[in-house]
file entry.cif (mmCIF, C-alpha atoms)
data_input
loop_
_atom_site.label_atom_id
_atom_site.label_comp_id
_atom_site.auth_asym_id
_atom_site.auth_seq_id
_atom_site.Cartn_x
_atom_site.Cartn_y
_atom_site.Cartn_z
CA MET A 1 13.06 39.67 -78.63
CA GLY A 2 16.38 40.53 -77.00
CA LYS A 3 18.28 39.09 -79.94
CA ILE A 4 16.95 41.87 -82.17
CA PHE A 5 19.05 44.37 -80.25
CA GLU A 6 22.26 42.34 -80.24
CA MET A 7 25.07 44.07 -82.12
CA ASP A 8 25.29 41.30 -84.74
CA SER A 9 21.56 41.18 -85.45
CA PRO A 10 20.31 42.30 -88.88
CA VAL A 11 18.35 45.15 -87.27
CA MET A 12 21.37 46.56 -85.45
CA ARG A 13 23.60 46.16 -88.51
CA PHE A 14 21.00 48.08 -90.54
CA LEU A 15 20.81 50.84 -87.93
CA ASN A 16 24.59 51.05 -87.73
CA ARG A 17 24.77 51.37 -91.49
CA LEU A 18 22.17 54.16 -91.43
CA GLY A 19 24.25 55.90 -88.79
CA ASP A 20 27.40 55.60 -90.93
CA LEU A 21 25.59 57.05 -93.95
CA MET A 22 24.22 59.94 -91.88
CA ILE A 23 27.70 60.77 -90.59
CA LEU A 24 29.14 60.58 -94.11
CA ASN A 25 26.37 62.79 -95.44
CA PHE A 26 27.05 65.37 -92.73
CA LEU A 27 30.78 65.28 -93.46
CA MET A 28 30.07 65.78 -97.16
CA ILE A 29 27.84 68.79 -96.53
CA VAL A 30 30.39 70.42 -94.23
CA CYS A 31 33.38 69.67 -96.47
CA CYS A 32 31.58 70.85 -99.61
CA ILE A 33 30.62 74.25 -98.17
CA PRO A 34 33.94 75.85 -99.25
CA VAL A 35 33.16 74.42 -102.75
CA VAL A 36 36.85 74.06 -103.68
CA THR A 37 37.22 71.16 -101.21
CA ALA A 38 34.32 69.16 -102.68
CA GLY A 39 36.55 67.01 -104.91
CA ALA A 40 38.61 65.78 -101.99
CA ALA A 41 35.39 65.21 -100.02
CA PHE A 42 33.83 63.08 -102.77
CA THR A 43 37.02 61.07 -103.03
CA ALA A 44 37.14 60.51 -99.27
CA MET A 45 33.49 59.46 -99.22
CA HIS A 46 34.07 56.86 -101.94
CA TYR A 47 37.17 55.62 -100.13
CA VAL A 48 35.08 54.93 -97.03
CA LEU A 49 32.07 53.53 -98.91
CA LEU A 50 34.14 51.06 -100.90
CA LYS A 51 35.58 49.71 -97.65
CA ILE A 52 32.10 49.50 -96.12
CA VAL A 53 30.71 47.63 -99.13
CA ARG A 54 33.59 45.15 -98.96
CA GLY A 55 33.29 44.66 -95.21
CA GLU A 56 36.67 46.30 -94.58
CA GLU A 57 35.43 49.34 -92.67
CA GLY A 58 37.46 50.65 -89.75
CA TYR A 59 37.18 54.04 -88.11
CA LEU A 60 34.94 56.06 -90.40
CA LEU A 61 36.21 59.53 -89.46
CA ARG A 62 39.86 58.48 -89.57
CA GLY A 63 39.45 56.82 -92.97
CA PHE A 64 37.56 59.79 -94.39
CA PHE A 65 40.10 62.42 -93.38
CA LYS A 66 43.06 60.19 -94.26
CA SER A 67 41.79 59.94 -97.85
CA PHE A 68 40.82 63.63 -97.83
CA ARG A 69 44.39 64.66 -97.00
CA GLU A 70 46.13 62.20 -99.30
CA ASN A 71 43.99 63.01 -102.35
CA PHE A 72 43.40 66.70 -101.74
CA LYS A 73 45.73 68.14 -104.37
CA GLN A 74 44.80 65.85 -107.26
CA ALA A 75 41.10 65.56 -106.40
CA THR A 76 40.85 69.36 -106.16
CA LEU A 77 42.47 69.78 -109.57
CA ILE A 78 40.00 67.31 -111.09
CA TRP A 79 37.10 69.03 -109.32
CA LEU A 80 38.09 72.46 -110.64
CA MET A 81 38.27 71.03 -114.16
CA MET A 82 34.77 69.60 -113.70
CA LEU A 83 33.48 72.95 -112.41
CA LEU A 84 34.86 74.62 -115.53
CA VAL A 85 32.97 72.15 -117.74
CA VAL A 86 29.78 72.72 -115.72
CA ALA A 87 30.19 76.49 -116.08
CA VAL A 88 30.54 76.15 -119.86
CA TYR A 89 27.38 74.03 -120.08
CA MET A 90 25.44 76.40 -117.85
CA GLY A 91 26.49 79.21 -120.16
CA ASP A 92 25.33 77.20 -123.17
CA SER A 93 22.01 76.53 -121.47
CA LEU A 94 21.46 80.22 -120.76
CA ILE A 95 22.26 81.10 -124.37
CA PHE A 96 19.89 78.43 -125.72
CA ASN A 97 17.03 79.51 -123.45
CA TYR A 98 17.34 83.26 -123.14
CA SER A 99 19.25 84.61 -126.13
CA GLY A 100 16.13 84.82 -128.30
CA LEU A 101 17.99 83.08 -131.11
CA GLU A 102 16.88 79.88 -132.79
CA PHE A 103 19.46 77.13 -132.81
CA PRO A 104 19.40 74.01 -134.99
CA LYS A 105 17.88 71.04 -133.20
CA ALA A 106 20.90 68.99 -134.16
CA LEU A 107 23.15 71.39 -132.23
CA VAL A 108 20.98 71.28 -129.11
CA VAL A 109 20.76 67.48 -129.21
CA THR A 110 24.53 67.23 -129.65
CA VAL A 111 25.21 69.47 -126.65
CA VAL A 112 22.78 67.46 -124.47
CA ALA A 113 24.30 64.18 -125.65
CA ILE A 114 27.81 65.36 -124.80
CA ALA A 115 26.60 66.44 -121.36
CA LEU A 116 25.17 62.96 -120.72
CA LEU A 117 28.40 61.33 -121.86
CA LEU A 118 30.38 63.54 -119.49
CA LEU A 119 28.03 62.62 -116.62
CA MET A 120 28.60 58.94 -117.39
CA ILE A 121 32.35 59.48 -117.10
CA ALA A 122 32.00 61.63 -113.97
CA VAL A 123 30.45 58.84 -111.88
CA TYR A 124 33.73 56.91 -112.05
CA ILE A 125 36.24 59.71 -111.54
CA PHE A 126 36.25 60.09 -107.76
CA PRO A 127 35.87 56.35 -107.03
CA LEU A 128 38.94 55.76 -109.24
CA GLN A 129 40.79 58.58 -107.51
CA ALA A 130 39.94 57.03 -104.14
CA ARG A 131 41.05 53.50 -105.08
CA PHE A 132 43.97 53.87 -107.50
CA GLU A 133 47.03 56.07 -107.62
CA ASN A 134 47.37 57.57 -111.07
CA THR A 135 47.90 60.80 -112.96
CA VAL A 136 44.96 63.14 -113.55
CA LYS A 137 45.11 62.37 -117.27
CA ASN A 138 45.01 58.60 -116.77
CA THR A 139 42.29 58.81 -114.12
CA LEU A 140 40.07 60.71 -116.56
CA LYS A 141 40.97 58.35 -119.41
CA ASN A 142 40.25 55.25 -117.32
CA ALA A 143 36.94 56.74 -116.14
CA ALA A 144 35.91 57.16 -119.78
CA ILE A 145 36.91 53.58 -120.61
CA LEU A 146 35.01 52.12 -117.67
CA ALA A 147 31.92 54.22 -118.39
CA PHE A 148 31.49 52.79 -121.89
CA VAL A 149 32.75 49.25 -121.32
CA ASN A 150 30.33 48.84 -118.37
CA LEU A 151 27.46 50.80 -119.89
CA PRO A 152 24.53 49.02 -118.14
CA ARG A 153 26.21 49.44 -114.74
CA THR A 154 27.07 53.03 -115.57
CA ILE A 155 23.39 53.73 -116.23
CA LEU A 156 22.45 52.09 -112.92
CA MET A 157 24.95 54.31 -111.10
CA MET A 158 23.49 57.40 -112.76
CA ILE A 159 20.01 56.29 -111.66
CA CYS A 160 21.28 55.97 -108.07
CA TYR A 161 22.56 59.54 -108.12
CA ALA A 162 19.38 60.86 -109.76
CA LEU A 163 17.00 59.28 -107.23
CA PRO A 164 17.21 62.04 -104.56
CA LEU A 165 16.35 64.66 -107.19
CA VAL A 166 13.40 62.59 -108.39
CA ILE A 167 12.18 62.05 -104.82
CA VAL A 168 12.31 65.78 -104.01
CA TYR A 169 10.62 66.64 -107.30
CA PHE A 170 7.57 64.51 -106.41
CA SER A 171 7.49 65.24 -102.68
CA THR A 172 8.94 68.19 -100.78
CA TYR A 173 8.28 66.20 -97.57
CA ALA A 174 11.29 64.07 -98.53
CA LEU A 175 13.67 67.01 -98.08
CA LEU A 176 14.65 65.82 -94.59
CA PHE A 177 15.49 62.37 -95.94
CA VAL A 178 17.55 63.92 -98.72
CA PHE A 179 19.31 66.17 -96.21
CA LEU A 180 20.25 63.15 -94.09
CA PHE A 181 21.11 60.67 -96.86
CA GLY A 182 20.92 62.51 -100.19
CA ILE A 183 24.65 62.35 -100.95
CA SER A 184 25.93 59.27 -99.12
CA ALA A 185 23.05 56.85 -99.84
CA PRO A 186 23.19 57.14 -103.66
CA ALA A 187 26.98 56.85 -103.53
CA TYR A 188 26.59 53.77 -101.30
CA GLY A 189 24.36 52.17 -103.93
CA ALA A 190 26.86 53.10 -106.64
CA ALA A 191 29.70 51.59 -104.59
CA PHE A 192 28.01 48.18 -104.74
CA ILE A 193 28.07 48.49 -108.53
CA TYR A 194 31.60 49.74 -109.12
CA SER A 195 33.14 47.52 -106.44
CA GLY A 196 32.76 44.50 -108.72
CA ILE A 197 34.20 46.44 -111.66
CA PHE A 198 37.24 47.49 -109.63
CA LYS A 199 37.84 43.93 -108.43
CA LYS A 200 38.74 42.97 -112.00
CA LEU A 201 41.34 45.73 -112.15
CA GLU A 202 43.00 45.33 -108.77
CA PRO A 203 46.26 43.44 -108.26
CA GLU A 204 46.18 40.49 -105.89
CA THR A 205 48.06 42.32 -103.14
CA GLU A 206 47.34 45.68 -101.56
CA GLU A 207 51.00 46.67 -101.97
CA ALA A 208 50.78 46.26 -105.72
CA ALA A 209 47.54 48.22 -105.82
CA SER A 210 49.33 51.31 -104.55
CA ASP A 211 51.74 51.46 -107.50
CA LEU A 212 51.67 54.62 -109.60
CA ASP A 213 50.74 52.79 -112.82
CA PHE A 214 48.21 50.05 -113.34
CA SER A 215 46.53 48.31 -116.26
CA LEU A 216 42.83 47.98 -116.86
CA LYS A 217 42.22 44.40 -117.94
CA LEU A 218 38.83 44.08 -119.56
CA ASP A 219 37.18 40.66 -119.48
CA GLU A 220 35.15 41.11 -122.65
CA ASP A 221 37.93 39.71 -124.82
CA GLU A 222 39.01 37.07 -122.31
CA GLY A 223 41.70 39.29 -120.88
CA ASN A 224 43.37 39.97 -124.20
CA LYS A 225 42.27 43.60 -124.32
CA GLU A 226 44.46 45.75 -122.07
CA ILE A 227 44.45 49.50 -121.59
CA ASN A 228 47.53 50.84 -119.87
CA GLY A 229 46.85 53.38 -117.12
#

call {"tool": "encode", "arguments": {"input": "entry.cif", "output": "structure tokens"}}
result
Amino acid sequence: MGKIFEMDSPVMRFLNRLGDLMILNFLMIVCCIPVVTAGAAFTAMHYVLLKIVRGEEGYLLRGFFKSFRENFKQATLIWLMMLLVVAVYMGDSLIFNYSGLEFPKALVVTVVAIALLLLMIAVYIFPLQARFENTVKNTLKNAAILAFVNLPRTILMMICYALPLVIVYFSTYALLFVFLFGISAPAYGAAFIYSGIFKKLEPETEEAASDLDFSLKLDEDEGNKEING
């Protein structure tokens, strides 16, 4: 019985992981309140989660704020660009629903399809920002490449992020769970998925991984297909 409560037991490792996710979720809520800092917060969260998934975790708070500071400028720029896109689509939605005009179905379907494609790309942006040094342009380009080359995994990641919304939709009693884990837990699940994808792109040494430029080597053509970052 006593072994259950030993630090290396599966139960204690599970409880420690829950504690880490709760802390990360709290940090995300606090750091996202100013809105403009959300991009850096998402990047920092993915920095920590990728290390946790790979068994490389150290001090959670130190790692989070280290990434937050280092990526603040670029992550914030990316975040503001994403907010602009969201604002445009919200405007389109209001026009479609409340303008009283009839729009061709083809137009509505096209707008929805583009929104889904952008969401597919978005799930890779902050993980890439957290793991690789690159320009904003190349980070966005590489996110688009990964989204379509790894389509089944991309869909799984989107499902992870959608789960809290689905849970709340069917049960308001789950609001507490979503408040405690609604941001960090889905991202944790996504980190398991994109960790394997990133492994194929990473140089063998950590020093090389911090270079400004990198190449995405896609295995589908036995390594012959290369997209320069």

call {"tool": "atom_distance", "arguments": {"input": "entry.cif", "atom1": "CA of Ile121 in chain A", "atom2": "CA of Ala144 in chain A"}}
result
5.0 Å

call {"tool": "atom_distance", "arguments": {"input": "entry.cif", "atom1": "CA of Phe148 in chain A", "atom2": "CA of Asn25 in chain A"}}
result
28.7 Å

call {"tool": "atom_distance", "arguments": {"input": "entry.cif", "atom1": "CA of Gly189 in chain A", "atom2": "CA of Arg153 in chain A"}}
result
11.3 Å

call {"tool": "residues_around", "arguments": {"input": "entry.cif", "residues": "Val123 in chain A", "least_positions_apart": "5", "cutoff": "10 Å", "atoms": "all atoms listed in the file", "output": "PyMOL selection string"}}
result
chain A and resi 118+128+143-144+146-147+154-155+157-158+161+187+190+194

call {"tool": "write_last_selection", "arguments": {"input": "entry.cif", "atoms": "C-alpha atoms", "output": "short mmCIF file (atom, residue, chain, number, x, y, z; two decimals), keeping the file's coordinate frame"}}
result
data_model
loop_
_atom_site.label_atom_id
_atom_site.label_comp_id
_atom_site.auth_asym_id
_atom_site.auth_seq_id
_atom_site.Cartn_x
_atom_site.Cartn_y
_atom_site.Cartn_z
CA LEU A 118 30.38 63.54 -119.49
CA LEU A 128 38.94 55.76 -109.24
CA ALA A 143 36.94 56.74 -116.14
CA ALA A 144 35.91 57.16 -119.78
CA LEU A 146 35.01 52.12 -117.67
CA ALA A 147 31.92 54.22 -118.39
CA THR A 154 27.07 53.03 -115.57
CA ILE A 155 23.39 53.73 -116.23
CA MET A 157 24.95 54.31 -111.10
CA MET A 158 23.49 57.40 -112.76
CA TYR A 161 22.56 59.54 -108.12
CA ALA A 187 26.98 56.85 -103.53
CA ALA A 190 26.86 53.10 -106.64
CA TYR A 194 31.60 49.74 -109.12
#

call {"tool": "resolve_selection", "arguments": {"input": "entry.cif", "expression": "the PyMOL selection byres ((chain A and resi 23) around 12)", "output": "tab-separated table (two decimals) with C-alpha atoms, in the coordinates of the input"}}
result
chain	number	residue	atom	x	y	z
A	16	ASN	CA	24.59	51.05	-87.73
A	17	ARG	CA	24.77	51.37	-91.49
A	18	LEU	CA	22.17	54.16	-91.43
A	19	GLY	CA	24.25	55.90	-88.79
A	20	ASP	CA	27.40	55.60	-90.93
A	21	LEU	CA	25.59	57.05	-93.95
A	22	MET	CA	24.22	59.94	-91.88
A	24	LEU	CA	29.14	60.58	-94.11
A	25	ASN	CA	26.37	62.79	-95.44
A	26	PHE	CA	27.05	65.37	-92.73
A	27	LEU	CA	30.78	65.28	-93.46
A	28	MET	CA	30.07	65.78	-97.16
A	29	ILE	CA	27.84	68.79	-96.53
A	30	VAL	CA	30.39	70.42	-94.23
A	45	MET	CA	33.49	59.46	-99.22
A	48	VAL	CA	35.08	54.93	-97.03
A	49	LEU	CA	32.07	53.53	-98.91
A	59	TYR	CA	37.18	54.04	-88.11
A	60	LEU	CA	34.94	56.06	-90.40
A	61	LEU	CA	36.21	59.53	-89.46
A	64	PHE	CA	37.56	59.79	-94.39
A	179	PHE	CA	19.31	66.17	-96.21
A	180	LEU	CA	20.25	63.15	-94.09
A	181	PHE	CA	21.11	60.67	-96.86
A	182	GLY	CA	20.92	62.51	-100.19
A	183	ILE	CA	24.65	62.35	-100.95
A	184	SER	CA	25.93	59.27	-99.12
A	185	ALA	CA	23.05	56.85	-99.84

call {"tool": "closest_residue", "arguments": {"input": "entry.cif", "among": "A:Ala41, A:Met90, A:Ile167, A:Val11", "to": "Phe65 in chain A", "atoms": "only C-alpha atoms"}}
result
A:Ala41

call {"tool": "residues_around", "arguments": {"input": "entry.cif", "residues": "Phe96 in chain A", "least_positions_apart": "6", "cutoff": "9 Å", "atoms": "only C-alpha atoms", "output": "ChimeraX atom specification"}}
result
/A:102-103,108

call {"tool": "closest_residue", "arguments": {"input": "entry.cif", "among": "A:Leu140, A:Cys31, A:Ala106, A:Val149", "to": "Gln74 in chain A", "atoms": "all atoms listed in the file"}}
result
A:Leu140

call {"tool": "closest_residue", "arguments": {"input": "entry.cif", "among": "A:Leu77, A:Val111, A:Val35, A:Ala162", "to": "Tyr89 in chain A", "atoms": "all atoms listed in the file"}}
result
A:Val111
